[in-house]
Amino acid sequence: MLFAIGGFVLWVSGWWGTVTLDFEKKPFGLVLDSFTRQTKLPILTDLDRTKTVSIHVRRVNVTEALEAIQASAESRGGRLTFLLAPDQAGLAQIRSLLPRPPENSPLLSLEYRIPFPAMATLDNLPRWGDPRRQTWQPSPTLPKELRAAAENAAQAAEIRILLPADWNPPLRKASAGGEVASAMPALAKLAGGKAEMVYLLPAPRNSGEPGRTEGMGRDEGWGRFPSLPPEKWIERLEPRLAALPKEEQAAAQASVEEAVRQFKEWEALPPEQRREKIQALMQDPATGEKLSERFTRGMRNMSPDQRAARYQSYNSRRESIKDPNHTR
């Protein structure tokens with residue numbers, strides 16, 4: 001009997017905390033509800049919950065499940081998000097503006113992304129199996145006020161933080177940091193406020209929409225979010241570097257440091273020379289292989305029609321980067 005119990009415990013521990021989403025041509029809303037029941041992480045989205053999707057992932061970690069959800073919905077750009085407000089009414093007001101607050105929103109949005117040229121380097125590093133387990137170690141020189149701490153956290157982790165733009169109370173004491181799932185609520189409490197954790201999954205923008213940026217240079221836009229300053233890259237990636245085998249850590253850190261050095265050089269270039277650098281990067285066989293792996297990973301959970309449409313879009317995007325005269 002003891003052996004049987006022990007075997008059952010080992011079997012459960014092998015999949016405890018994983019996610020299974022096994023749906024064939026079911027409403028997207030059912031998929032989202034199932035994910036939230038299993039993970040306790042609500043997804044806020046303006047995607048059509050009645051749209052029929054198929055998704056088949058079994059006993060995967062939270063990150064893989066989120067990637068599969070985005071693939072099945074043909075959406076990208078989801079982000080673990082923390083809402084901070086003085087009280088529950090303030091949290092409700094923030095929720096009412098989501099998943100995409102209007103341009104005249106009274107909210108401050110804090111989020112920093114490592115720019116596209118570094119993506120190939122990052123794909124070599126271990127990923128967080130659950131984005132809620134990312135860690136934040138506050139800078140010891142931070143002022144004891146909410147906004148400074150929130151800004152520091154947004155730079156240290158791949159998260160978005162939303163709070164009222166006119167709310168910046170002092171902190172009772174310095175934040176201790178830790179895993180973001182607990183550190184952000186603790187930070188809000190130090191400011192006398194409340195926090196809520198959600199996963200934001202906005203519907204894709206159309207190319208002609210206001211606020212949409214195309215191209216890959218800073219003047220053309222590295223993306224729709226502020227770029228993480230290069231000197232902060234190592235700080236954000238340090239936990240992922242530490243997850244590598246010890247014999248691989250030095251080489252991986254050197255690779256990231258080289259990416260930082262190269263990016264700083266690119267930033268100092270005029271826009272046309274910067275675009276030439278991007279074209280050379282895209283034409284490099286090693287980089288192309290890594291980006292293709294990233295693209296393939298995102299397509300695994302798509303239907304055949306979705307794969308065909310995304311492949312066409314992917315090729316069009318690559319051509320537009322390689323050839324500045326290419327139009328779409």
# chains A, B, ... in the order shown; residues from 1 in each chain; ligands from 1
$ select_by_dssp --residues "region 28-269 of chain A" --states "helix (DSSP H, G or I)" --output "JSON, numbers by chain"
{"A": [28, 29, 30, 31, 32, 33, 34, 35, 36, 37, 38, 39, 62, 63, 64, 65, 66, 67, 68, 69, 70, 71, 72, 88, 89, 90, 91, 92, 93, 94, 95, 96, 116, 117, 118, 119, 120, 121, 122, 131, 132, 133, 146, 147, 148, 149, 150, 151, 152, 153, 154, 155, 156, 180, 181, 182, 183, 184, 185, 186, 187, 188, 189, 190, 230, 231, 232, 233, 234, 235, 236, 237, 238, 239, 240, 241, 242, 246, 247, 248, 249, 250, 251, 252, 253, 254, 255, 256, 257, 258, 259, 260, 261, 262, 263, 264, 265, 266, 267]}
$ atom_distance --atom1 "CA of Glu231 (chain A)" --atom2 "CA of Ser139 (chain A)"
13.9 Å
$ atom_distance --atom1 "CA of Ala188 (chain A)" --atom2 "CA of Lys40 (chain A)"
20.0 Å
$ residues_around --residues "Arg58 (chain A)" --least-positions-apart "4" --cutoff "8 Å" --atoms "only C-alpha atoms" --output "list in words"
Val19, Thr20, Leu21 and Asp22 of chain A
$ write_last_selection --atoms "N, CA and C atoms" --output "PDB file, in the first residue's frame"
ATOM      1  N   VAL A  19      -1.007  22.618 -17.184  1.00  0.00           N
ATOM      2  CA  VAL A  19      -2.288  23.003 -17.774  1.00  0.00           C
ATOM      3  C   VAL A  19      -2.621  22.062 -18.923  1.00  0.00           C
ATOM      4  N   THR A  20      -3.867  21.637 -18.994  1.00  0.00           N
ATOM      5  CA  THR A  20      -4.370  20.847 -20.124  1.00  0.00           C
ATOM      6  C   THR A  20      -5.550  21.582 -20.746  1.00  0.00           C
ATOM      7  N   LEU A  21      -5.455  21.831 -22.047  1.00  0.00           N
ATOM      8  CA  LEU A  21      -6.525  22.474 -22.808  1.00  0.00           C
ATOM      9  C   LEU A  21      -6.772  21.612 -24.037  1.00  0.00           C
ATOM     10  N   ASP A  22      -7.844  20.865 -24.002  1.00  0.00           N
ATOM     11  CA  ASP A  22      -8.132  19.898 -25.070  1.00  0.00           C
ATOM     12  C   ASP A  22      -9.513  20.215 -25.653  1.00  0.00           C
TER      13      ASP A  22
END
$ residues_around --residues "region 256-270 of chain A" --least-positions-apart "4" --cutoff "7 Å" --atoms "only C-alpha atoms" --output "PyMOL selection string"
chain A and resi 118+121+230+252+274
$ select_by_dssp --residues "region 68-230 of chain A" --states "strand (DSSP E)" --output "list of chain:residue names"
A:Arg79, A:Leu80, A:Thr81, A:Phe82, A:Leu83, A:Leu84, A:Ala85, A:Leu107, A:Leu108, A:Ser109, A:Leu110, A:Thr135, A:Trp136, A:Arg160, A:Ile161, A:Leu162, A:Leu163, A:Pro164, A:Gly178, A:Glu179, A:Lys194, A:Ala195, A:Glu196, A:Met197, A:Val198, A:Tyr199, A:Leu200, A:Leu201
$ atom_distance --atom1 "CA of Val57 (chain A)" --atom2 "CA of Thr36 (chain A)"
15.0 Å
